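Shown below: run.txt, with compact mmCIF, C-alpha atoms.
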```txt
# COMPACT_ATOMS: atom_id res chain seq x y z
CA MET A 9 -45.46 -78.45 -37.78
CA THR A 10 -46.68 -79.89 -34.51
CA ASN A 11 -44.52 -82.26 -32.49
CA GLU A 12 -47.55 -83.62 -30.67
CA ILE A 13 -48.74 -86.16 -33.26
CA LYS A 14 -46.88 -88.59 -35.52
CA HIS A 15 -49.66 -88.95 -38.09
CA ILE A 16 -53.32 -88.08 -38.48
CA ARG A 17 -56.04 -90.45 -37.33
CA ALA A 18 -57.71 -92.58 -40.01
CA MET A 19 -60.63 -95.01 -39.73
CA VAL A 20 -63.11 -97.00 -41.80
CA GLY A 21 -66.66 -98.22 -41.15
CA PHE A 22 -68.72 -100.83 -42.96
CA TYR A 23 -72.38 -100.57 -43.93
CA PRO A 24 -74.78 -103.32 -42.78
CA ASN A 25 -74.86 -104.93 -46.23
CA TRP A 26 -71.09 -105.54 -45.98
CA TRP A 27 -71.64 -107.42 -42.73
CA HIS A 28 -74.76 -109.20 -43.93
CA LYS A 29 -73.40 -110.44 -47.25
CA ASN A 30 -69.93 -111.26 -46.00
CA TYR A 31 -70.81 -112.82 -42.64
CA GLY A 32 -74.59 -113.24 -42.41
CA ILE A 33 -74.96 -110.65 -39.63
CA ALA A 34 -78.50 -109.27 -39.57
CA TYR A 35 -79.39 -105.70 -38.60
CA GLY A 36 -83.13 -106.26 -38.40
CA LYS A 37 -85.49 -105.18 -35.64
CA LYS A 38 -83.95 -107.75 -33.28
CA TYR A 39 -80.62 -105.90 -33.37
CA TYR A 40 -82.25 -102.76 -31.95
CA TYR A 41 -84.70 -104.42 -29.54
CA ASP A 42 -82.59 -107.25 -28.10
CA PRO A 43 -79.54 -105.82 -26.29
CA ASP A 44 -78.01 -109.25 -25.63
CA TYR A 45 -78.12 -110.08 -29.33
CA ARG A 46 -76.67 -106.66 -30.21
CA ILE A 47 -73.77 -107.07 -27.79
CA GLU A 48 -73.07 -110.57 -29.12
CA VAL A 49 -73.05 -109.23 -32.70
CA ALA A 50 -70.66 -106.42 -31.77
CA MET A 51 -68.18 -108.85 -30.21
CA LYS A 52 -68.37 -111.09 -33.27
CA GLN A 53 -67.72 -108.10 -35.49
CA GLN A 54 -64.63 -107.14 -33.51
CA LYS A 55 -63.19 -110.64 -33.91
CA LEU A 56 -63.94 -110.70 -37.64
CA LEU A 57 -62.38 -107.28 -38.17
CA HIS A 58 -59.25 -108.37 -36.35
CA GLU A 59 -59.00 -111.51 -38.49
CA ARG A 60 -59.41 -109.53 -41.70
CA PHE A 61 -57.77 -106.20 -40.93
CA GLY A 62 -55.75 -106.74 -37.78
CA ASP A 63 -52.68 -105.46 -39.61
CA LEU A 64 -54.43 -102.07 -39.75
CA GLY A 65 -55.20 -102.09 -36.05
CA LEU A 66 -58.90 -102.84 -36.59
CA GLY A 67 -60.93 -105.15 -34.40
CA ASN A 68 -60.06 -107.04 -31.26
CA PRO A 69 -59.10 -110.73 -30.93
CA ASP A 70 -60.66 -110.94 -27.47
CA PRO A 71 -63.51 -108.41 -27.25
CA GLN A 72 -65.40 -107.91 -24.04
CA PRO A 73 -69.12 -107.11 -23.82
CA ASN A 74 -69.94 -103.48 -24.54
CA PRO A 75 -73.40 -102.74 -23.07
CA PHE A 76 -74.51 -100.17 -25.62
CA VAL A 77 -77.81 -98.75 -26.84
CA ASP A 78 -78.57 -97.88 -30.46
CA TYR A 79 -81.55 -97.06 -32.67
CA GLY A 80 -79.99 -95.75 -35.86
CA MET A 81 -81.41 -92.43 -37.04
CA ALA A 82 -85.04 -93.43 -36.57
CA LEU A 83 -85.83 -92.82 -32.92
CA VAL A 84 -86.70 -89.13 -32.92
CA PRO A 85 -88.98 -89.27 -35.98
CA GLU A 86 -90.74 -92.27 -34.42
CA LEU A 87 -91.45 -90.21 -31.29
CA PHE A 88 -93.73 -88.17 -33.59
CA GLY A 89 -95.42 -91.28 -35.01
CA VAL A 90 -93.25 -91.59 -38.13
CA GLU A 91 -93.09 -95.22 -39.30
CA THR A 92 -89.74 -97.01 -39.04
CA LYS A 93 -88.74 -99.84 -41.37
CA PHE A 94 -86.02 -102.29 -40.33
CA PHE A 95 -83.77 -104.27 -42.67
CA ASP A 96 -81.29 -107.10 -42.25
CA ASP A 97 -78.80 -105.37 -44.57
CA ALA A 98 -79.43 -101.66 -43.99
CA LEU A 99 -79.91 -99.09 -41.26
CA PRO A 100 -83.44 -98.38 -40.00
CA TRP A 101 -85.31 -95.97 -42.24
CA SER A 102 -87.94 -93.43 -41.21
CA ILE A 103 -90.61 -93.12 -43.89
CA PRO A 104 -91.41 -89.40 -44.23
CA ALA A 105 -94.83 -88.67 -42.75
CA ASN A 106 -95.57 -85.84 -45.20
CA MET A 107 -97.64 -84.08 -42.55
CA SER A 108 -100.17 -81.53 -43.71
CA GLU A 109 -99.97 -77.87 -42.78
CA GLU A 110 -102.81 -78.46 -40.33
CA LYS A 111 -100.95 -81.35 -38.72
CA ILE A 112 -97.77 -79.28 -38.37
CA ASP A 113 -99.77 -76.38 -36.90
CA SER A 114 -101.07 -78.69 -34.16
CA LEU A 115 -97.72 -80.43 -33.55
CA VAL A 116 -96.20 -80.28 -30.08
CA VAL A 117 -92.99 -81.55 -28.50
CA PRO A 118 -93.65 -85.18 -27.50
CA ASP A 119 -93.46 -86.47 -23.95
CA ILE A 120 -90.05 -87.85 -24.80
CA LEU A 121 -89.31 -90.12 -21.85
CA ASN A 122 -92.81 -91.63 -21.86
CA THR A 123 -93.19 -92.18 -25.59
CA HIS A 124 -92.18 -95.23 -27.62
CA PRO A 125 -89.47 -95.98 -28.72
CA MET A 126 -87.68 -93.95 -26.04
CA THR A 127 -89.46 -96.03 -23.42
CA GLU A 128 -87.86 -99.10 -25.03
CA ILE A 129 -84.41 -97.47 -24.98
CA ILE A 130 -84.82 -96.58 -21.31
CA ARG A 131 -85.88 -100.18 -20.58
CA GLN A 132 -82.69 -101.38 -22.29
CA MET A 133 -80.57 -98.82 -20.42
CA ASP A 134 -81.97 -100.03 -17.10
CA TYR A 135 -81.43 -103.67 -18.07
CA LEU A 136 -77.82 -103.09 -19.18
CA GLU A 137 -76.97 -101.06 -16.08
CA GLU A 138 -78.33 -103.81 -13.86
CA LYS A 139 -76.46 -106.54 -15.76
CA TYR A 140 -73.13 -104.78 -16.42
CA GLY A 141 -73.09 -101.89 -13.99
CA ARG A 142 -72.99 -99.38 -16.83
CA VAL A 143 -74.56 -98.46 -20.15
CA THR A 144 -72.75 -97.04 -23.20
CA GLY A 145 -73.66 -95.94 -26.71
CA ASN A 146 -76.12 -93.19 -27.53
CA ILE A 147 -78.90 -92.08 -29.84
CA ASN A 148 -78.65 -90.25 -33.14
CA THR A 149 -80.92 -87.27 -32.54
CA CYS A 150 -81.47 -86.78 -36.27
CA GLY A 151 -80.59 -83.09 -36.72
CA ILE A 152 -82.98 -80.17 -37.07
CA GLN A 153 -83.61 -80.11 -40.83
CA ASN A 154 -83.24 -83.89 -41.14
CA LEU A 155 -86.03 -84.29 -38.59
CA ALA A 156 -88.19 -81.57 -40.12
CA LEU A 157 -88.07 -83.37 -43.47
CA LYS A 158 -89.19 -86.62 -41.85
CA LEU A 159 -92.20 -84.78 -40.46
CA ARG A 160 -93.18 -82.45 -43.31
CA GLY A 161 -91.61 -84.24 -46.27
CA ASP A 162 -90.27 -82.53 -49.37
CA ASP A 163 -92.98 -79.86 -49.09
CA LEU A 164 -90.70 -78.30 -46.48
CA TYR A 165 -88.56 -76.92 -49.30
CA THR A 166 -91.59 -75.26 -50.89
CA ASP A 167 -92.53 -73.89 -47.47
CA PHE A 168 -89.23 -72.01 -47.41
CA TYR A 169 -90.73 -69.73 -50.07
CA VAL A 170 -94.50 -69.84 -49.54
CA ASN A 171 -94.97 -70.53 -45.83
CA PRO A 172 -91.92 -69.48 -43.82
CA GLU A 173 -93.93 -69.27 -40.59
CA LEU A 174 -94.66 -73.00 -40.84
CA VAL A 175 -90.96 -73.70 -41.35
CA HIS A 176 -90.05 -71.83 -38.18
CA LYS A 177 -92.82 -73.64 -36.32
CA VAL A 178 -91.49 -77.08 -37.21
CA MET A 179 -87.84 -76.12 -36.72
CA ASN A 180 -88.59 -74.85 -33.23
CA ILE A 181 -90.37 -78.08 -32.32
CA CYS A 182 -87.40 -80.08 -33.63
CA LEU A 183 -84.98 -77.98 -31.56
CA ASN A 184 -87.01 -78.34 -28.38
CA THR A 185 -87.26 -82.10 -28.85
CA ILE A 186 -83.59 -82.69 -29.57
CA ILE A 187 -82.14 -80.76 -26.62
CA PRO A 188 -83.88 -82.60 -23.75
CA LEU A 189 -83.44 -85.96 -25.49
CA ALA A 190 -79.70 -85.40 -25.94
CA ASN A 191 -79.31 -84.23 -22.37
CA TYR A 192 -81.09 -87.30 -21.03
CA VAL A 193 -79.04 -89.73 -23.11
CA ARG A 194 -75.77 -88.07 -22.09
CA SER A 195 -76.84 -88.19 -18.44
CA ARG A 196 -77.15 -91.98 -18.76
CA THR A 197 -74.19 -92.86 -21.01
CA GLY A 198 -71.83 -89.89 -20.78
CA THR A 199 -71.56 -89.71 -24.57
CA LEU A 200 -73.39 -88.40 -27.63
CA ALA A 201 -71.03 -88.43 -30.63
CA SER A 202 -70.61 -92.12 -31.46
CA SER A 203 -74.13 -92.50 -32.85
CA VAL A 204 -73.15 -90.05 -35.61
CA THR A 205 -69.36 -90.36 -35.99
CA PRO A 206 -66.51 -92.16 -34.25
CA MET A 207 -64.13 -89.34 -35.12
CA ALA A 208 -65.36 -86.72 -32.66
CA PRO A 209 -64.69 -86.76 -28.91
CA PRO A 210 -67.34 -89.12 -27.50
CA GLU A 211 -68.80 -86.56 -25.09
CA MET A 212 -69.40 -84.05 -27.93
CA TYR A 213 -72.86 -83.43 -29.38
CA ILE A 214 -72.76 -83.86 -33.17
CA THR A 215 -75.78 -82.70 -35.13
CA PRO A 216 -76.36 -84.65 -38.38
CA ASN A 217 -76.85 -82.19 -41.23
CA CYS A 218 -77.01 -84.57 -44.20
CA THR A 219 -79.87 -82.75 -45.92
CA THR A 220 -78.39 -79.25 -45.80
CA ALA A 221 -76.48 -80.28 -48.92
CA GLN A 222 -79.80 -79.70 -50.69
CA ILE A 223 -80.31 -76.03 -49.81
CA SER A 224 -78.65 -72.70 -50.42
CA ASN A 225 -76.64 -70.81 -47.85
CA GLU A 226 -79.35 -68.12 -47.86
CA SER A 227 -82.00 -70.70 -46.91
CA TYR A 228 -79.69 -72.23 -44.33
CA GLU A 229 -79.00 -68.90 -42.63
CA GLU A 230 -82.68 -67.95 -42.58
CA PHE A 231 -84.29 -71.20 -41.51
CA ILE A 232 -81.67 -73.47 -39.90
CA LEU A 233 -78.79 -71.40 -38.52
CA PRO A 234 -80.78 -69.62 -35.78
CA TYR A 235 -81.83 -72.98 -34.35
CA GLU A 236 -78.39 -74.55 -34.68
CA MET A 237 -76.89 -71.61 -32.81
CA LYS A 238 -79.33 -72.37 -29.98
CA LEU A 239 -78.45 -76.05 -30.25
CA ALA A 240 -74.74 -75.22 -29.99
CA ASP A 241 -75.35 -73.03 -26.94
CA ALA A 242 -77.37 -75.76 -25.22
CA LEU A 243 -75.23 -78.79 -26.10
CA GLN A 244 -71.56 -78.07 -25.62
CA PRO A 245 -69.13 -79.23 -26.84
CA PHE A 246 -70.74 -79.01 -30.28
CA GLY A 247 -70.00 -80.19 -33.80
CA ILE A 248 -71.65 -80.80 -37.17
CA HIS A 249 -71.75 -83.86 -39.40
CA HIS A 250 -72.32 -83.16 -43.10
CA CYS A 251 -72.34 -86.09 -45.58
CA GLY A 252 -71.65 -84.18 -48.77
CA SER A 253 -69.70 -81.11 -49.76
CA VAL A 254 -70.23 -78.24 -47.32
CA ASP A 255 -69.32 -75.64 -49.93
CA ASN A 256 -72.96 -74.52 -50.33
CA VAL A 257 -73.42 -73.68 -46.62
CA ILE A 258 -69.92 -73.14 -45.25
CA GLU A 259 -70.48 -69.40 -44.88
CA GLY A 260 -73.41 -70.11 -42.59
CA TYR A 261 -71.61 -72.81 -40.64
CA SER A 262 -68.73 -70.44 -39.97
CA LYS A 263 -71.10 -68.18 -38.02
CA ILE A 264 -71.49 -70.80 -35.26
CA LYS A 265 -68.56 -69.51 -33.24
CA ASN A 266 -68.69 -72.15 -30.50
CA MET A 267 -68.39 -75.12 -32.88
CA GLN A 268 -65.32 -77.28 -32.23
CA PHE A 269 -65.73 -80.03 -34.86
CA ILE A 270 -67.00 -80.41 -38.41
CA GLU A 271 -67.25 -83.56 -40.49
CA VAL A 272 -67.32 -82.89 -44.22
CA GLY A 273 -68.09 -85.07 -47.19
CA PRO A 274 -66.36 -85.66 -50.52
CA LEU A 275 -65.56 -82.77 -52.88
CA THR A 276 -65.48 -80.26 -50.04
CA ASP A 277 -63.03 -77.41 -50.53
CA LEU A 278 -60.99 -78.03 -47.38
CA ARG A 279 -58.88 -74.93 -47.93
CA ARG A 280 -62.04 -72.80 -47.81
CA VAL A 281 -63.28 -74.58 -44.70
CA ARG A 282 -59.94 -74.02 -43.00
CA GLU A 283 -59.90 -70.35 -44.03
CA LEU A 284 -63.30 -69.78 -42.41
CA MET A 285 -62.75 -72.15 -39.47
CA PRO A 286 -59.06 -71.93 -38.58
CA ASN A 287 -59.45 -73.52 -35.14
CA THR A 288 -62.13 -76.12 -35.87
CA PHE A 289 -61.24 -79.81 -36.07
CA ILE A 290 -62.07 -81.25 -39.51
CA ASN A 291 -62.83 -84.87 -40.22
CA ALA A 292 -62.77 -85.34 -44.00
CA ARG A 293 -64.63 -88.29 -45.47
CA ILE A 294 -63.68 -90.40 -48.48
CA CYS A 295 -66.62 -91.21 -50.77
CA PRO A 296 -67.80 -94.82 -50.18
CA VAL A 297 -68.75 -95.12 -53.85
CA ARG A 298 -65.17 -94.33 -54.82
CA MET A 299 -63.94 -96.81 -52.24
CA LEU A 300 -66.13 -99.40 -53.96
CA GLN A 301 -65.42 -98.55 -57.58
CA CYS A 302 -62.00 -96.93 -57.83
CA THR A 303 -58.53 -98.41 -57.96
CA ALA A 304 -56.20 -98.38 -54.99
CA GLU A 305 -54.08 -95.80 -56.82
CA GLU A 306 -57.06 -93.46 -57.13
CA ILE A 307 -57.89 -93.88 -53.45
CA GLU A 308 -54.30 -93.06 -52.58
CA GLN A 309 -54.55 -89.82 -54.53
CA ASP A 310 -57.88 -88.96 -52.86
CA VAL A 311 -56.28 -89.34 -49.44
CA LYS A 312 -53.18 -87.33 -50.35
CA ARG A 313 -55.36 -84.48 -51.64
CA LEU A 314 -57.19 -84.31 -48.30
CA VAL A 315 -53.93 -84.37 -46.35
CA ASP A 316 -52.47 -81.64 -48.56
CA THR A 317 -55.46 -79.31 -48.16
CA GLY A 318 -56.83 -80.02 -44.67
CA GLY A 319 -54.02 -78.96 -42.33
CA PRO A 320 -52.91 -78.19 -39.73
CA TYR A 321 -52.60 -81.90 -39.06
CA GLU A 322 -53.41 -81.68 -35.36
CA LEU A 323 -56.85 -80.47 -36.50
CA LEU A 324 -57.44 -83.10 -39.21
CA SER A 325 -58.57 -86.71 -39.49
CA ILE A 326 -59.86 -88.84 -42.39
CA ASP A 327 -62.33 -91.67 -42.52
CA ALA A 328 -64.36 -93.73 -44.97
CA VAL A 329 -67.67 -95.01 -43.64
CA GLY A 330 -70.68 -96.74 -45.13
CA LEU A 331 -68.44 -99.08 -47.09
CA ASP A 332 -70.59 -101.40 -49.18
CA TYR A 333 -70.30 -105.10 -49.85
CA GLY A 334 -67.73 -105.58 -52.60
CA THR A 335 -65.41 -102.78 -51.49
CA PRO A 336 -61.92 -104.15 -52.19
CA ASP A 337 -59.87 -104.91 -49.09
CA GLU A 338 -56.93 -103.37 -50.93
CA ASN A 339 -58.73 -100.03 -51.00
CA VAL A 340 -59.36 -100.20 -47.26
CA ARG A 341 -55.69 -100.88 -46.60
CA THR A 342 -54.60 -98.18 -49.03
CA MET A 343 -56.89 -95.59 -47.49
CA ILE A 344 -55.72 -96.13 -43.91
CA ASN A 345 -52.05 -96.73 -44.66
CA THR A 346 -51.78 -93.72 -46.98
CA ALA A 347 -53.45 -91.40 -44.48
CA LYS A 348 -51.01 -92.45 -41.78
CA THR A 349 -47.77 -92.69 -43.74
CA TYR A 350 -48.31 -89.65 -45.97
CA SER A 351 -49.34 -87.40 -43.10
CA ALA A 352 -46.43 -88.74 -41.02
CA ALA A 353 -44.03 -87.75 -43.80
CA LYS A 354 -45.59 -84.30 -44.05
CA ILE A 355 -45.38 -83.79 -40.31
CA ALA A 356 -41.76 -84.91 -40.27
CA GLU A 357 -40.96 -82.45 -43.06
CA GLY A 358 -42.40 -79.61 -41.02
CA LYS A 359 -40.45 -80.30 -37.84
```
Output the file's structure as structure tokens, nothing else.
Amino acid sequence: MTNEIKHIRAMVGFYPNWWHKNYGIAYGKKYYYDPDYRIEVAMKQQKLLHERFGDLGLGNPDPQPNPFVDYGMALVPELFGVETKFFDDALPWSIPANMSEEKIDSLVVPDILNTHPMTEIIRQMDYLEEKYGRVTGNINTCGIQNLALKLRGDDLYTDFYVNPELVHKVMNICLNTIIPLANYVRSRTGTLASSVTPMAPPEMYITPNCTTAQISNESYEEFILPYEMKLADALQPFGIHHCGSVDNVIEGYSKIKNMQFIEVGPLTDLRRVRELMPNTFINARICPVRMLQCTAEEIEQDVKRLVDTGGPYELLSIDAVGLDYGTPDENVRTMINTAKTYSAAKIAEGK
């Protein structure tokens, strides 16, 4: 086993309702439109994490301002006129527009840099650069099928069978919106990954593929894969985020040869992923519902199973994000400590 690492990397992330109900931190519209408020909140969060989980290496007792931009997952749909709802205890939500066939037929790539809310993000970038000399953070570009569903709604899945030309029309528009947006954001901040996952190299482009858990591999390869191959060619280095099990589309994913990173959700067959992607870095996620509801002993076993099946360890990390209010602190400690100590023991055995 490798001598280069002592243990795998492990992290946790808390959903807005954890922050709101525990500490009264609000993630409403002000968080996304007032950069000074957002920076103040982020520093407060770092202090609170250090007080609560400093023994795990989380947080910072003396955080400095981080001049970052953020808009959740809602910015790209809103460029097309999709309504965004903001919540104090949840991430912004794009309400699917359920566009008609006629509306999709007439759809064009928006004038990205001159359309709200990107104009607001650029205003904040300019303000932060003037105040701090730099701007960090980035924008979740939504992912090709994720965005298509916000535009067309659930009828997109029917279109797969009855109107494939319309599907290709909307997917192509999504592709040609995402690429220039991502390139612009990276030109300003130098990063793209952190808006989707903290586990990938920050300069990497990570496409969010949450909704591909709902389709077959055949549908993925026909309607999504051609566009994700173009996305991977245009936005290197490239990776995929997938919330749930990737077992239904892993054959298709494995055909993207220039993909360096994949984030997979609970119940994924890591051995199968590793067989098809021997050189791809895997971040394996622990289910936040299990983190909320299970015992520490069960969480320990979940982590050990991922460590046992996800090697080699230099190409593996584990995290648990979206942790809800009420998640036991003991489970957080168990998850991180088990990932580190168990993988360290396994690595030591292999030396």
Exercise for review: Name all residues at most 10 Å from Asn191 (chain A) (count only C-alpha atoms; drop same-chain ones fewer than 6 positions away) and give them as a ChimeraX atom specification.
Suggested key: /A:198-200,213,242-243
Residues of region 186-238 of chain A at most 12 Å from region 287-296 of chain A: nearest atom pair and distance in Å, all atoms listed in the file, as a tab-separated table:
```
residue	atom	partner	partner_atom	distance
A:Thr205	CA	A:Asn291	CA	9.5
A:Pro206	CA	A:Asn291	CA	10.1
A:Met207	CA	A:Asn291	CA	6.9
A:Ala208	CA	A:Asn291	CA	8.2
A:Pro209	CA	A:Phe289	CA	10.6
```
Review point. Could you pull the residues within 10 Å of Met19 (chain A), counting all atoms listed in the file, minus those fewer than 4 positions along the same chain, as a count of residues only?
Key: 15
Point to revise | Spatial neighbours of Asn217 (chain A), 6 Å, all atoms listed in the file, chain gap at least 4 places, as JSON, numbers by chain | key: {"A": [151, 249, 250]}
Exercise for review: Give me the residues within 9 Å of Glu226 (chain A) as a list in words, counting only C-alpha atoms and dropping any in the same chain fewer than 3 places off.
Suggested key: Ile223, Glu229, Glu230, Phe231, Val257 and Gly260 of chain A
Exercise for review: Give as a PyMOL selection string every residue, naming chains and numbers as the document does, that has an atom within 10 Å of (-59.5, -99.6, -57.1), counting only C-alpha atoms.
Suggested key: chain A and resi 298-308+335-340+342
Study note, to complete from the structure: Separating CA of Leu314 (chain A) from CA of Gly67 (chain A), to the nearest tenth of an Å, is a gap of 25.3 Å
Exercise for review: Show which residues sit within 12 Å of Pro24 (chain A), as an MDAnalysis selection string. Count only C-alpha atoms, and ignore same-chain residues fewer than 4 positions away.
Suggested key: chainID A and resid 28:36 39 49 53 80 94:100 329:333
Point to revise | Distance of CA of Asn148 (chain A) from CA of Arg282 (chain A), expressed in Å to one decimal place | key: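 Interatomic distance here is 26.7 Å.
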Could you put an axis-aligned box around every listed atom of region 302-309 of chain A, padded by 6 Å on each side, and send me its centre and edge lengths in Å to one decimal, as lines of an AutoDock Vina configuration file?
```
center_x = -58.0
center_y = -94.1
center_z = -55.3
size_x = 19.9
size_y = 20.6
size_z = 17.4
```
Check your understanding: To one decimal place, how far is CA of Leu189 (chain A) from CA of Met51 (chain A) in Å?
Key ->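 Between these atoms lies a distance of 27.9 Å.
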For region 86-130 of chain A versus region 169-186 of chain A, which residues have an atom no more than 12 Å away, and what is each residue's nearest atom pair and distance in Å rounded to one decimal, using all atoms listed in the file, chain-then-number order, as CSV?
```
residue,atom,partner,partner_atom,distance
A:Leu87,CA,A:Thr185,CA,9.4
A:Phe88,CA,A:Thr185,CA,10.1
A:Met107,CA,A:Val178,CA,10.7
A:Ser108,CA,A:Leu174,CA,10.6
A:Glu109,CA,A:Leu174,CA,7.5
A:Glu110,CA,A:Leu174,CA,9.8
A:Lys111,CA,A:Val178,CA,10.5
A:Ile112,CA,A:Val178,CA,6.8
A:Asp113,CA,A:Leu174,CA,7.3
A:Ser114,CA,A:Lys177,CA,9.9
A:Leu115,CA,A:Ile181,CA,7.8
A:Val116,CA,A:Ile181,CA,6.6
A:Val117,CA,A:Thr185,CA,5.8
A:Pro118,CA,A:Thr185,CA,7.2
A:Asp119,CA,A:Thr185,CA,9.0
A:Ile120,CA,A:Thr185,CA,7.6
A:Leu121,CA,A:Thr185,CA,10.8
```
Check your understanding: Between A:Ile16, A:Met285, A:Ile103, A:Ala190, which is the closest to Leu159 (chain A) once you count all atoms listed in the file?
Key -> A:Ile103
Where atoms are missing, can you supply N, CA, C and O atoms for region 290-302 of chain A and output the lot as a PDB file, keeping the file's coordinate frame?
```
ATOM      1  N   ILE A 290     -61.394 -80.745 -38.309  1.00  0.00           N
ATOM      2  CA  ILE A 290     -62.070 -81.250 -39.510  1.00  0.00           C
ATOM      3  C   ILE A 290     -61.850 -82.742 -39.634  1.00  0.00           C
ATOM      4  O   ILE A 290     -60.707 -83.222 -39.603  1.00  0.00           O
ATOM      5  N   ASN A 291     -62.939 -83.486 -39.768  1.00  0.00           N
ATOM      6  CA  ASN A 291     -62.830 -84.870 -40.220  1.00  0.00           C
ATOM      7  C   ASN A 291     -63.336 -84.910 -41.663  1.00  0.00           C
ATOM      8  O   ASN A 291     -64.493 -84.579 -41.940  1.00  0.00           O
ATOM      9  N   ALA A 292     -62.447 -85.308 -42.572  1.00  0.00           N
ATOM     10  CA  ALA A 292     -62.770 -85.340 -44.000  1.00  0.00           C
ATOM     11  C   ALA A 292     -63.082 -86.774 -44.421  1.00  0.00           C
ATOM     12  O   ALA A 292     -62.313 -87.688 -44.128  1.00  0.00           O
ATOM     13  N   ARG A 293     -64.193 -86.950 -45.106  1.00  0.00           N
ATOM     14  CA  ARG A 293     -64.630 -88.290 -45.470  1.00  0.00           C
ATOM     15  C   ARG A 293     -64.324 -88.612 -46.932  1.00  0.00           C
ATOM     16  O   ARG A 293     -64.489 -87.777 -47.827  1.00  0.00           O
ATOM     17  N   ILE A 294     -63.882 -89.862 -47.139  1.00  0.00           N
ATOM     18  CA  ILE A 294     -63.680 -90.400 -48.480  1.00  0.00           C
ATOM     19  C   ILE A 294     -65.009 -90.982 -48.960  1.00  0.00           C
ATOM     20  O   ILE A 294     -65.707 -91.665 -48.206  1.00  0.00           O
ATOM     21  N   CYS A 295     -65.354 -90.746 -50.213  1.00  0.00           N
ATOM     22  CA  CYS A 295     -66.620 -91.210 -50.770  1.00  0.00           C
ATOM     23  C   CYS A 295     -66.680 -92.745 -50.780  1.00  0.00           C
ATOM     24  O   CYS A 295     -65.799 -93.405 -51.351  1.00  0.00           O
ATOM     25  N   PRO A 296     -67.713 -93.366 -50.172  1.00  0.00           N
ATOM     26  CA  PRO A 296     -67.800 -94.820 -50.180  1.00  0.00           C
ATOM     27  C   PRO A 296     -67.999 -95.408 -51.571  1.00  0.00           C
ATOM     28  O   PRO A 296     -67.607 -96.552 -51.822  1.00  0.00           O
ATOM     29  N   VAL A 297     -68.602 -94.631 -52.475  1.00  0.00           N
ATOM     30  CA  VAL A 297     -68.750 -95.120 -53.850  1.00  0.00           C
ATOM     31  C   VAL A 297     -67.385 -95.220 -54.522  1.00  0.00           C
ATOM     32  O   VAL A 297     -67.095 -96.186 -55.237  1.00  0.00           O
ATOM     33  N   ARG A 298     -66.524 -94.254 -54.274  1.00  0.00           N
ATOM     34  CA  ARG A 298     -65.170 -94.330 -54.820  1.00  0.00           C
ATOM     35  C   ARG A 298     -64.385 -95.478 -54.182  1.00  0.00           C
ATOM     36  O   ARG A 298     -63.620 -96.162 -54.847  1.00  0.00           O
ATOM     37  N   MET A 299     -64.594 -95.685 -52.893  1.00  0.00           N
ATOM     38  CA  MET A 299     -63.940 -96.810 -52.240  1.00  0.00           C
ATOM     39  C   MET A 299     -64.374 -98.134 -52.863  1.00  0.00           C
ATOM     40  O   MET A 299     -63.593 -99.092 -52.945  1.00  0.00           O
ATOM     41  N   LEU A 300     -65.601 -98.188 -53.327  1.00  0.00           N
ATOM     42  CA  LEU A 300     -66.130 -99.400 -53.960  1.00  0.00           C
ATOM     43  C   LEU A 300     -65.648 -99.563 -55.394  1.00  0.00           C
ATOM     44  O   LEU A 300     -65.291-100.666 -55.815  1.00  0.00           O
ATOM     45  N   GLN A 301     -65.596 -98.454 -56.127  1.00  0.00           N
ATOM     46  CA  GLN A 301     -65.420 -98.550 -57.580  1.00  0.00           C
ATOM     47  C   GLN A 301     -64.038 -98.181 -58.085  1.00  0.00           C
ATOM     48  O   GLN A 301     -63.663 -98.589 -59.189  1.00  0.00           O
ATOM     49  N   CYS A 302     -63.278 -97.439 -57.322  1.00  0.00           N
ATOM     50  CA  CYS A 302     -62.000 -96.930 -57.830  1.00  0.00           C
ATOM     51  C   CYS A 302     -60.851 -97.890 -57.545  1.00  0.00           C
ATOM     52  O   CYS A 302     -60.966 -98.817 -56.743  1.00  0.00           O
TER      53      CYS A 302
END
```
